Amino acid sequence: MENLENAIAAIKKELPGLKLLENEPLKNHCSFRIGGPARVIAAPQDMTSLSKICCILKEHELAPFLLGNGSNILFPDEGLSELFIVSTEKLQKLFLLPDGAIYAEAGVSLAKLAGFAQQHGLKGLEFASGIPGTVGGGLRMNAGAYGGELKDVVESVVTLYVPDQAMYELTNEQCGFGYRMSRFQKTGGFVLLSAVFRLEPGDRDEIAAKMRELNEKRREKQPLDLPSAGSAFKRPEGHFAAALIDEAGLKGYRVGGAQVSEKHAGFVVNTGDATSHDVYDLLMYVRNTVYKNTGVAMEPEIIVMAPDYKLEDHGPSVPRNRISEGMIGE
Ligand SMILES: Cc1cc2nc3c(=O)[nH]c(=O)nc-3n(C[C@H](O)[C@H](O)[C@H](O)COP(=O)(O)OP(=O)(O)OC[C@H]3O[C@@H](n4cnc5c(N)ncnc54)[C@H](O)[C@@H]3O)c2cc1C
């Protein structure tokens, strides 16, 4: 705690123009609309000030917690008093590279990225247009829908690796993407700064029509009128989480203000006054009931943060073995 207060003081001194929100309700920064006060949220203007923040935090033996659109996180009602949160909301550069690939900074929304690709007659990101996350959050989760995943279109990712304060460009293979998985989850310490997306040329109208079709499907099937964090559980191998939950008779099941959506059993929604404890208890109840019924252990897709959340919980301890050509070892 003392380290954090000293780091905040140092950051205020060295970056006087930086927007810092103190004791800010986290419910204003996530799609679930749940969460008590964060000690501090900084929104750096550019990568240079983000790197500077990381550097000062490191001097105080701290690391940042990166926040995109907060569309995959359950924040605790008690708040987060021990973390320095860095929002990527101002990292918004998005442009076409001379070779036709797209460059996007971490804070660009996936909807904006998909729209940009469509405007330039590039296909392959239609699946992402309805995912309410950012490039940074999407890369960490390898976000996907309707048969597409970011891993299919990412060429490379630029990351700041906090332990050695150096930037690396990782190829798609080096990102270790899998189903809702990346090496950035397995290993802590990666701040995702930007990515290059390689797409195929396509017809603008056809791309737009595909995006409309997929978004219509979403509106039809998903409870988009209520706050949530998307699919509550990952798809267990050989099964569909929503079907398992539905078969267990849990559609509409409530704990306090949290409810298994009546429209789509794979979603847990905040009906208005849900606490993080309601959501957590409901997630555990659903998981245990499905396990008792079927023997299938479902893993939450939502990132559940406890009040004493430690960055170590965010991935195993960071490796230090730097290998040749400036890349990071496994
Ligand atoms: C209605 C709804 C529908 C959804 N549909 C889908 C779907 O179809 N497919 C799907 O995959 N997901 C879906 N989601 C979940 C969510 O939108 C995705 O997981 C998305 O990729 C999260 O992005 P974000 O920017 O909101 O990340 P956040 O929720 O802000 O963060 C998620 C994780 O990424 C980390 N992170 C964020 N930015 C960075 C960065 N720059 N560097 C390092 N780490 C970072 C955070 O620390 C956190 O661990 C849905 C959510 C909702 C609410």
# chains A, B, ... in the order shown; residues from 1 in each chain; ligands from 1

$ closest_atom_pairs --of "range 35-144 of chain A" --to "range 270-276 of chain A" --cutoff "7 Å" --atoms "only C-alpha atoms" --output "tab-separated table"
residue	atom	partner	partner_atom	distance
A:Gly35	CA	A:Ser276	CA	6.9
A:Leu74	CA	A:Ser276	CA	6.7
A:Phe75	CA	A:Ser276	CA	6.7
A:Pro76	CA	A:Ser276	CA	5.4
A:Asp77	CA	A:Ser276	CA	5.7

$ write_last_selection --atoms "N, CA and C atoms" --output "short mmCIF file (atom, residue, chain, number, x, y, z; two decimals), in the first residue's frame"
data_model
loop_
_atom_site.label_atom_id
_atom_site.label_comp_id
_atom_site.auth_asym_id
_atom_site.auth_seq_id
_atom_site.Cartn_x
_atom_site.Cartn_y
_atom_site.Cartn_z
N GLY A 35 -19.09 -2.90 -9.16
CA GLY A 35 -17.72 -2.70 -8.67
C GLY A 35 -17.57 -1.43 -7.86
N LEU A 74 -15.48 -9.11 -13.79
CA LEU A 74 -16.35 -8.85 -12.63
C LEU A 74 -15.49 -8.19 -11.57
N PHE A 75 -15.73 -6.90 -11.31
CA PHE A 75 -14.99 -6.19 -10.27
C PHE A 75 -15.67 -6.39 -8.92
N PRO A 76 -14.89 -6.37 -7.81
CA PRO A 76 -15.50 -6.59 -6.49
C PRO A 76 -16.22 -5.35 -5.95
N ASP A 77 -17.31 -5.58 -5.20
CA ASP A 77 -18.05 -4.46 -4.59
C ASP A 77 -17.13 -3.65 -3.66
#

$ select_by_dssp --residues "range 172-255 of chain A" --states "helix (DSSP H, G or I)" --output "ChimeraX atom specification"
/A:173-175,183-186,204-221,241-247

$ write_last_selection --atoms "N, CA, C and O atoms" --output "CSV table (one decimal), in the first residue's frame"
chain,number,residue,atom,x,y,z
A,173,GLU,N,2.4,-16.7,-34.1
A,173,GLU,CA,2.7,-17.9,-33.4
A,173,GLU,C,3.3,-17.7,-32.0
A,173,GLU,O,3.0,-18.4,-31.1
A,174,GLN,N,4.0,-16.6,-31.9
A,174,GLN,CA,4.6,-16.3,-30.5
A,174,GLN,C,3.6,-15.9,-29.5
A,174,GLN,O,3.9,-15.8,-28.3
A,175,CYS,N,2.4,-15.5,-30.0
A,175,CYS,CA,1.3,-15.1,-29.1
A,175,CYS,C,0.6,-16.3,-28.4
A,175,CYS,O,-0.2,-16.1,-27.5
A,183,ARG,N,-0.7,-16.5,-24.8
A,183,ARG,CA,0.4,-16.5,-23.8
A,183,ARG,C,0.3,-15.4,-22.8
A,183,ARG,O,0.9,-15.4,-21.8
A,184,PHE,N,-0.5,-14.3,-23.2
A,184,PHE,CA,-0.6,-13.2,-22.3
A,184,PHE,C,-1.4,-13.5,-21.1
A,184,PHE,O,-1.4,-12.8,-20.1
A,185,GLN,N,-2.2,-14.6,-21.1
A,185,GLN,CA,-2.9,-15.1,-19.9
A,185,GLN,C,-2.0,-16.0,-19.1
A,185,GLN,O,-2.1,-16.0,-17.9
A,186,LYS,N,-1.3,-16.8,-19.9
A,186,LYS,CA,-0.5,-17.8,-19.2
A,186,LYS,C,0.7,-17.2,-18.4
A,186,LYS,O,1.2,-17.7,-17.4
A,204,ARG,N,-17.0,-4.5,-50.2
A,204,ARG,CA,-17.5,-3.7,-49.1
A,204,ARG,C,-18.9,-4.0,-48.7
A,204,ARG,O,-19.2,-4.1,-47.5
A,205,ASP,N,-19.8,-4.1,-49.7
A,205,ASP,CA,-21.2,-4.3,-49.4
A,205,ASP,C,-21.4,-5.7,-48.8
A,205,ASP,O,-22.2,-5.9,-47.9
A,206,GLU,N,-20.7,-6.7,-49.4
A,206,GLU,CA,-20.8,-8.0,-48.8
A,206,GLU,C,-20.3,-8.1,-47.4
A,206,GLU,O,-20.9,-8.8,-46.5
A,207,ILE,N,-19.2,-7.4,-47.1
A,207,ILE,CA,-18.7,-7.4,-45.7
A,207,ILE,C,-19.7,-6.7,-44.8
A,207,ILE,O,-20.0,-7.2,-43.7
A,208,ALA,N,-20.3,-5.6,-45.2
A,208,ALA,CA,-21.2,-4.9,-44.4
A,208,ALA,C,-22.5,-5.8,-44.1
A,208,ALA,O,-23.0,-5.8,-43.0
A,209,ALA,N,-22.9,-6.5,-45.2
A,209,ALA,CA,-24.1,-7.3,-45.0
A,209,ALA,C,-23.8,-8.5,-44.0
A,209,ALA,O,-24.6,-8.8,-43.2
A,210,LYS,N,-22.6,-9.0,-44.1
A,210,LYS,CA,-22.2,-10.1,-43.1
A,210,LYS,C,-22.2,-9.6,-41.7
A,210,LYS,O,-22.7,-10.2,-40.8
A,211,MET,N,-21.7,-8.3,-41.5
A,211,MET,CA,-21.7,-7.7,-40.2
A,211,MET,C,-23.1,-7.5,-39.7
A,211,MET,O,-23.4,-7.8,-38.5
A,212,ARG,N,-23.9,-7.0,-40.5
A,212,ARG,CA,-25.3,-6.8,-40.1
A,212,ARG,C,-26.0,-8.1,-39.7
A,212,ARG,O,-26.7,-8.2,-38.7
A,213,GLU,N,-25.7,-9.1,-40.5
A,213,GLU,CA,-26.4,-10.4,-40.3
A,213,GLU,C,-25.9,-11.0,-38.9
A,213,GLU,O,-26.7,-11.4,-38.1
A,214,LEU,N,-24.6,-10.9,-38.6
A,214,LEU,CA,-24.1,-11.4,-37.4
A,214,LEU,C,-24.6,-10.6,-36.2
A,214,LEU,O,-25.0,-11.2,-35.1
A,215,ASN,N,-24.7,-9.3,-36.4
A,215,ASN,CA,-25.2,-8.5,-35.3
A,215,ASN,C,-26.7,-8.7,-35.0
A,215,ASN,O,-27.1,-8.6,-33.9
A,216,GLU,N,-27.4,-9.0,-36.1
A,216,GLU,CA,-28.8,-9.2,-35.9
A,216,GLU,C,-29.0,-10.5,-35.1
A,216,GLU,O,-29.8,-10.6,-34.2
A,217,LYS,N,-28.1,-11.6,-35.4
A,217,LYS,CA,-28.2,-12.8,-34.7
A,217,LYS,C,-27.9,-12.6,-33.2
A,217,LYS,O,-28.6,-13.1,-32.3
A,218,ARG,N,-26.9,-11.7,-32.9
A,218,ARG,CA,-26.6,-11.4,-31.5
A,218,ARG,C,-27.8,-10.8,-30.8
A,218,ARG,O,-28.2,-11.2,-29.7
A,219,ARG,N,-28.4,-9.8,-31.5
A,219,ARG,CA,-29.6,-9.1,-30.9
A,219,ARG,C,-30.7,-10.1,-30.6
A,219,ARG,O,-31.4,-10.0,-29.6
A,220,GLU,N,-30.9,-11.0,-31.5
A,220,GLU,CA,-31.9,-12.0,-31.4
A,220,GLU,C,-31.7,-13.0,-30.2
A,220,GLU,O,-32.6,-13.3,-29.5
A,221,LYS,N,-30.4,-13.4,-30.1
A,221,LYS,CA,-30.1,-14.5,-29.1
A,221,LYS,C,-29.6,-14.0,-27.8
A,221,LYS,O,-29.7,-14.7,-26.8
A,241,ALA,N,-21.8,-24.6,-23.1
A,241,ALA,CA,-22.1,-24.2,-21.8
A,241,ALA,C,-23.6,-23.9,-21.6
A,241,ALA,O,-24.3,-24.4,-20.7
A,242,ALA,N,-24.1,-23.1,-22.6
A,242,ALA,CA,-25.5,-22.7,-22.5
A,242,ALA,C,-26.5,-23.9,-22.4
A,242,ALA,O,-27.4,-23.9,-21.6
A,243,ALA,N,-26.2,-24.9,-23.2
A,243,ALA,CA,-27.1,-26.1,-23.3
A,243,ALA,C,-27.0,-26.9,-21.9
A,243,ALA,O,-28.0,-27.3,-21.4
A,244,LEU,N,-25.8,-27.0,-21.4
A,244,LEU,CA,-25.6,-27.7,-20.1
A,244,LEU,C,-26.4,-27.0,-19.0
A,244,LEU,O,-27.0,-27.6,-18.2
A,245,ILE,N,-26.3,-25.6,-19.0
A,245,ILE,CA,-27.0,-24.8,-18.0
A,245,ILE,C,-28.5,-24.9,-18.1
A,245,ILE,O,-29.3,-25.1,-17.2
A,246,ASP,N,-28.9,-24.9,-19.4
A,246,ASP,CA,-30.4,-25.0,-19.7
A,246,ASP,C,-30.9,-26.3,-19.2
A,246,ASP,O,-31.9,-26.4,-18.6
A,247,GLU,N,-30.2,-27.4,-19.6
A,247,GLU,CA,-30.6,-28.8,-19.3
A,247,GLU,C,-30.7,-29.0,-17.7
A,247,GLU,O,-31.4,-29.8,-17.2

$ residues_around --residues "range 143-147 of chain A" --least-positions-apart "4" --cutoff "7 Å" --atoms "only C-alpha atoms" --output "PyMOL selection string"
chain A and resi 127-128+138-139+180

$ residues_near_ligand --ligand "ligand 1" --cutoff "6 Å" --atoms "only C-alpha atoms and all ligand atoms" --output "ChimeraX atom specification"
/A:31,65-73,106,131-134,136-138,140-141,143-145,190-193,224,228-230

$ write_last_selection --atoms "N, CA, C and O atoms" --output "CSV table (one decimal), in the first residue's frame"
chain,number,residue,atom,x,y,z
A,31,SER,N,-18.8,-3.5,-18.3
A,31,SER,CA,-20.1,-3.7,-18.9
A,31,SER,C,-21.1,-4.3,-17.9
A,31,SER,O,-22.3,-4.3,-18.1
A,65,PHE,N,-2.3,-2.9,-13.8
A,65,PHE,CA,-3.4,-3.7,-14.3
A,65,PHE,C,-4.0,-3.0,-15.4
A,65,PHE,O,-4.5,-1.9,-15.3
A,66,LEU,N,-4.0,-3.7,-16.6
A,66,LEU,CA,-4.5,-3.0,-17.8
A,66,LEU,C,-6.0,-3.2,-18.0
A,66,LEU,O,-6.5,-4.3,-17.7
A,67,LEU,N,-6.6,-2.1,-18.3
A,67,LEU,CA,-8.1,-2.2,-18.5
A,67,LEU,C,-8.5,-1.7,-19.9
A,67,LEU,O,-8.1,-0.6,-20.3
A,68,GLY,N,-9.2,-2.5,-20.6
A,68,GLY,CA,-9.8,-2.1,-21.9
A,68,GLY,C,-11.2,-1.6,-21.7
A,68,GLY,O,-11.4,-0.6,-20.9
A,69,ASN,N,-12.2,-2.2,-22.3
A,69,ASN,CA,-13.6,-1.8,-22.1
A,69,ASN,C,-14.2,-2.4,-20.9
A,69,ASN,O,-15.4,-2.2,-20.6
A,70,GLY,N,-13.5,-3.2,-20.2
A,70,GLY,CA,-14.1,-3.9,-19.0
A,70,GLY,C,-15.3,-4.8,-19.3
A,70,GLY,O,-16.2,-4.9,-18.6
A,71,SER,N,-15.3,-5.4,-20.5
A,71,SER,CA,-16.4,-6.2,-20.9
A,71,SER,C,-16.3,-7.7,-20.7
A,71,SER,O,-17.1,-8.5,-21.1
A,72,ASN,N,-15.2,-8.0,-19.9
A,72,ASN,CA,-15.0,-9.4,-19.6
A,72,ASN,C,-14.6,-9.6,-18.1
A,72,ASN,O,-14.1,-10.6,-17.7
A,73,ILE,N,-15.0,-8.6,-17.3
A,73,ILE,CA,-14.5,-8.6,-15.9
A,73,ILE,C,-15.6,-8.4,-14.9
A,73,ILE,O,-16.5,-7.6,-15.1
A,106,ALA,N,-4.0,-0.5,-28.8
A,106,ALA,CA,-4.7,-1.3,-27.9
A,106,ALA,C,-6.1,-0.9,-27.5
A,106,ALA,O,-7.0,-1.7,-27.3
A,131,ILE,N,-18.4,-7.6,-30.8
A,131,ILE,CA,-17.8,-8.0,-29.6
A,131,ILE,C,-17.4,-6.6,-28.9
A,131,ILE,O,-16.7,-5.8,-29.5
A,132,PRO,N,-17.9,-6.4,-27.7
A,132,PRO,CA,-17.8,-5.0,-27.1
A,132,PRO,C,-16.4,-4.8,-26.4
A,132,PRO,O,-16.4,-4.0,-25.5
A,133,GLY,N,-15.4,-5.4,-26.9
A,133,GLY,CA,-14.1,-5.2,-26.3
A,133,GLY,C,-13.1,-4.3,-27.1
A,133,GLY,O,-13.5,-3.8,-28.2
A,134,THR,N,-11.9,-4.2,-26.6
A,134,THR,CA,-10.9,-3.5,-27.3
A,134,THR,C,-9.9,-4.4,-28.0
A,134,THR,O,-9.9,-5.6,-27.7
A,136,GLY,N,-6.7,-4.6,-27.2
A,136,GLY,CA,-5.9,-5.1,-26.1
A,136,GLY,C,-6.5,-6.3,-25.4
A,136,GLY,O,-6.0,-7.4,-25.2
A,137,GLY,N,-7.8,-6.0,-24.9
A,137,GLY,CA,-8.5,-7.1,-24.2
A,137,GLY,C,-8.8,-8.2,-25.1
A,137,GLY,O,-8.8,-9.4,-24.7
A,138,GLY,N,-9.1,-7.9,-26.4
A,138,GLY,CA,-9.5,-9.0,-27.3
A,138,GLY,C,-8.3,-9.9,-27.6
A,138,GLY,O,-8.4,-11.1,-27.7
A,140,ARG,N,-5.7,-10.5,-25.5
A,140,ARG,CA,-5.4,-11.3,-24.4
A,140,ARG,C,-6.4,-12.5,-24.3
A,140,ARG,O,-6.0,-13.6,-23.9
A,141,MET,N,-7.7,-12.3,-24.7
A,141,MET,CA,-8.7,-13.3,-24.6
A,141,MET,C,-8.7,-14.2,-25.8
A,141,MET,O,-9.5,-15.1,-25.9
A,143,ALA,N,-10.4,-13.1,-28.5
A,143,ALA,CA,-11.8,-13.0,-28.6
A,143,ALA,C,-12.3,-13.6,-30.0
A,143,ALA,O,-11.5,-13.5,-31.0
A,144,GLY,N,-13.4,-14.2,-30.0
A,144,GLY,CA,-13.9,-14.8,-31.2
A,144,GLY,C,-15.4,-15.0,-31.1
A,144,GLY,O,-16.1,-14.9,-30.1
A,145,ALA,N,-16.0,-15.2,-32.3
A,145,ALA,CA,-17.5,-15.4,-32.4
A,145,ALA,C,-17.8,-16.0,-33.8
A,145,ALA,O,-17.0,-15.7,-34.7
A,190,PHE,N,2.7,-8.8,-19.5
A,190,PHE,CA,2.6,-8.2,-20.9
A,190,PHE,C,1.6,-7.1,-20.9
A,190,PHE,O,0.5,-7.2,-20.6
A,191,VAL,N,2.1,-5.9,-21.4
A,191,VAL,CA,1.2,-4.8,-21.7
A,191,VAL,C,1.1,-4.8,-23.2
A,191,VAL,O,2.1,-4.6,-23.9
A,192,LEU,N,-0.1,-5.0,-23.7
A,192,LEU,CA,-0.3,-5.1,-25.1
A,192,LEU,C,-0.5,-3.6,-25.6
A,192,LEU,O,-1.4,-2.9,-25.2
A,193,LEU,N,0.3,-3.2,-26.6
A,193,LEU,CA,0.3,-1.8,-27.0
A,193,LEU,C,-0.4,-1.7,-28.4
A,193,LEU,O,-1.2,-0.7,-28.6
A,224,LEU,N,-28.8,-8.3,-24.7
A,224,LEU,CA,-28.0,-7.1,-24.9
A,224,LEU,C,-28.7,-5.9,-24.1
A,224,LEU,O,-28.0,-4.9,-24.0
A,228,SER,N,-23.9,-7.3,-18.6
A,228,SER,CA,-23.3,-8.6,-18.4
A,228,SER,C,-21.9,-8.5,-18.8
A,228,SER,O,-21.4,-7.4,-19.1
A,229,ALA,N,-21.2,-9.6,-18.7
A,229,ALA,CA,-19.8,-9.6,-19.2
A,229,ALA,C,-19.6,-10.7,-20.3
A,229,ALA,O,-18.6,-11.4,-20.4
A,230,GLY,N,-20.7,-10.9,-21.1
A,230,GLY,CA,-20.7,-11.9,-22.2
A,230,GLY,C,-20.9,-13.3,-21.7
A,230,GLY,O,-21.5,-13.5,-20.6

$ residues_around --residues "Gly17 in chain A" --least-positions-apart "2" --cutoff "12 Å" --atoms "only C-alpha atoms" --output "VMD selection string"
chain A and resid 11 to 15 19 to 20 42 to 46 49

$ atom_distance --atom1 "CA of Thr48 in chain A" --atom2 "CA of Ala166 in chain A"
12.3 Å

$ closest_residue --among "A:Phe267, A:Phe197, A:Tyr179, A:Phe84" --to "Val135 in chain A" --atoms "only C-alpha atoms"
A:Phe197

$ select_by_dssp --residues "range 165-314 of chain A" --states "strand (DSSP E or B)" --output "PyMOL selection string"
chain A and resi 166-171+178+181+190-197+200-201+228-231+233+254-255+258-260+267-270+300+303-304

$ residues_around --residues "Gln259 in chain A" --least-positions-apart "5" --cutoff "10 Å" --atoms "only C-alpha atoms" --output "list in words"
Ser228, Leu250, Lys251, Gly252, Tyr253, Arg254, Ala265, Phe267, Val268, Val269, Asn270, Thr271, Ala274, Asp278, Val279, Leu282 and Leu283 of chain A

$ write_last_selection --atoms "N, CA, C and O atoms" --output "mmCIF file, in the first residue's frame"
data_model
loop_
_atom_site.group_PDB
_atom_site.id
_atom_site.type_symbol
_atom_site.label_atom_id
_atom_site.label_comp_id
_atom_site.auth_asym_id
_atom_site.auth_seq_id
_atom_site.Cartn_x
_atom_site.Cartn_y
_atom_site.Cartn_z
ATOM 1 N N SER A 228 -23.928 -7.287 -18.618
ATOM 2 C CA SER A 228 -23.327 -8.621 -18.424
ATOM 3 C C SER A 228 -21.853 -8.501 -18.788
ATOM 4 O O SER A 228 -21.376 -7.412 -19.095
ATOM 5 N N LEU A 250 -31.536 -24.281 -15.109
ATOM 6 C CA LEU A 250 -31.081 -23.057 -14.430
ATOM 7 C C LEU A 250 -31.387 -21.769 -15.187
ATOM 8 O O LEU A 250 -31.035 -20.686 -14.712
ATOM 9 N N LYS A 251 -32.019 -21.843 -16.326
ATOM 10 C CA LYS A 251 -32.364 -20.613 -17.057
ATOM 11 C C LYS A 251 -33.254 -19.767 -16.149
ATOM 12 O O LYS A 251 -34.243 -20.274 -15.599
ATOM 13 N N GLY A 252 -32.902 -18.535 -15.945
ATOM 14 C CA GLY A 252 -33.724 -17.657 -15.095
ATOM 15 C C GLY A 252 -33.392 -17.760 -13.613
ATOM 16 O O GLY A 252 -33.911 -16.992 -12.803
ATOM 17 N N TYR A 253 -32.498 -18.685 -13.226
ATOM 18 C CA TYR A 253 -32.161 -18.857 -11.807
ATOM 19 C C TYR A 253 -31.469 -17.593 -11.285
ATOM 20 O O TYR A 253 -30.636 -17.001 -11.964
ATOM 21 N N ARG A 254 -31.850 -17.178 -10.065
ATOM 22 C CA ARG A 254 -31.320 -15.906 -9.541
ATOM 23 C C ARG A 254 -30.602 -16.085 -8.228
ATOM 24 O O ARG A 254 -30.987 -16.917 -7.412
ATOM 25 N N ALA A 265 -28.982 -18.956 -21.772
ATOM 26 C CA ALA A 265 -28.500 -19.512 -20.506
ATOM 27 C C ALA A 265 -26.989 -19.374 -20.319
ATOM 28 O O ALA A 265 -26.477 -19.528 -19.212
ATOM 29 N N PHE A 267 -25.381 -16.632 -20.484
ATOM 30 C CA PHE A 267 -25.074 -15.305 -19.946
ATOM 31 C C PHE A 267 -25.589 -15.179 -18.513
ATOM 32 O O PHE A 267 -26.698 -15.626 -18.212
ATOM 33 N N VAL A 268 -24.804 -14.521 -17.665
ATOM 34 C CA VAL A 268 -25.299 -14.096 -16.348
ATOM 35 C C VAL A 268 -25.490 -12.586 -16.459
ATOM 36 O O VAL A 268 -24.583 -11.868 -16.901
ATOM 37 N N VAL A 269 -26.691 -12.107 -16.083
ATOM 38 C CA VAL A 269 -26.979 -10.679 -16.247
ATOM 39 C C VAL A 269 -27.183 -10.008 -14.895
ATOM 40 O O VAL A 269 -27.547 -10.648 -13.905
ATOM 41 N N ASN A 270 -26.948 -8.710 -14.900
ATOM 42 C CA ASN A 270 -27.209 -7.868 -13.729
ATOM 43 C C ASN A 270 -28.593 -7.265 -13.939
ATOM 44 O O ASN A 270 -28.791 -6.449 -14.840
ATOM 45 N N THR A 271 -29.563 -7.683 -13.118
ATOM 46 C CA THR A 271 -30.937 -7.228 -13.353
ATOM 47 C C THR A 271 -31.168 -5.821 -12.798
ATOM 48 O O THR A 271 -32.267 -5.303 -12.881
ATOM 49 N N ALA A 274 -27.406 -6.052 -8.823
ATOM 50 C CA ALA A 274 -26.563 -7.212 -8.478
ATOM 51 C C ALA A 274 -25.261 -6.747 -7.837
ATOM 52 O O ALA A 274 -24.672 -5.733 -8.236
ATOM 53 N N ASP A 278 -23.291 -11.602 -5.471
ATOM 54 C CA ASP A 278 -24.422 -12.294 -6.123
ATOM 55 C C ASP A 278 -23.924 -13.027 -7.361
ATOM 56 O O ASP A 278 -24.239 -14.205 -7.576
ATOM 57 N N VAL A 279 -23.155 -12.311 -8.185
ATOM 58 C CA VAL A 279 -22.704 -12.918 -9.450
ATOM 59 C C VAL A 279 -21.791 -14.099 -9.150
ATOM 60 O O VAL A 279 -21.950 -15.188 -9.721
ATOM 61 N N LEU A 282 -23.722 -17.035 -7.871
ATOM 62 C CA LEU A 282 -24.497 -17.639 -8.959
ATOM 63 C C LEU A 282 -23.579 -18.463 -9.885
ATOM 64 O O LEU A 282 -23.913 -19.593 -10.254
ATOM 65 N N LEU A 283 -22.420 -17.905 -10.215
ATOM 66 C CA LEU A 283 -21.481 -18.645 -11.081
ATOM 67 C C LEU A 283 -21.101 -19.979 -10.443
ATOM 68 O O LEU A 283 -21.071 -21.022 -11.099
#

$ closest_residue --among "A:Gly121, A:Asp164, A:Gly79, A:Lys234" --to "Ser51 in chain A" --atoms "only C-alpha atoms"
A:Asp164
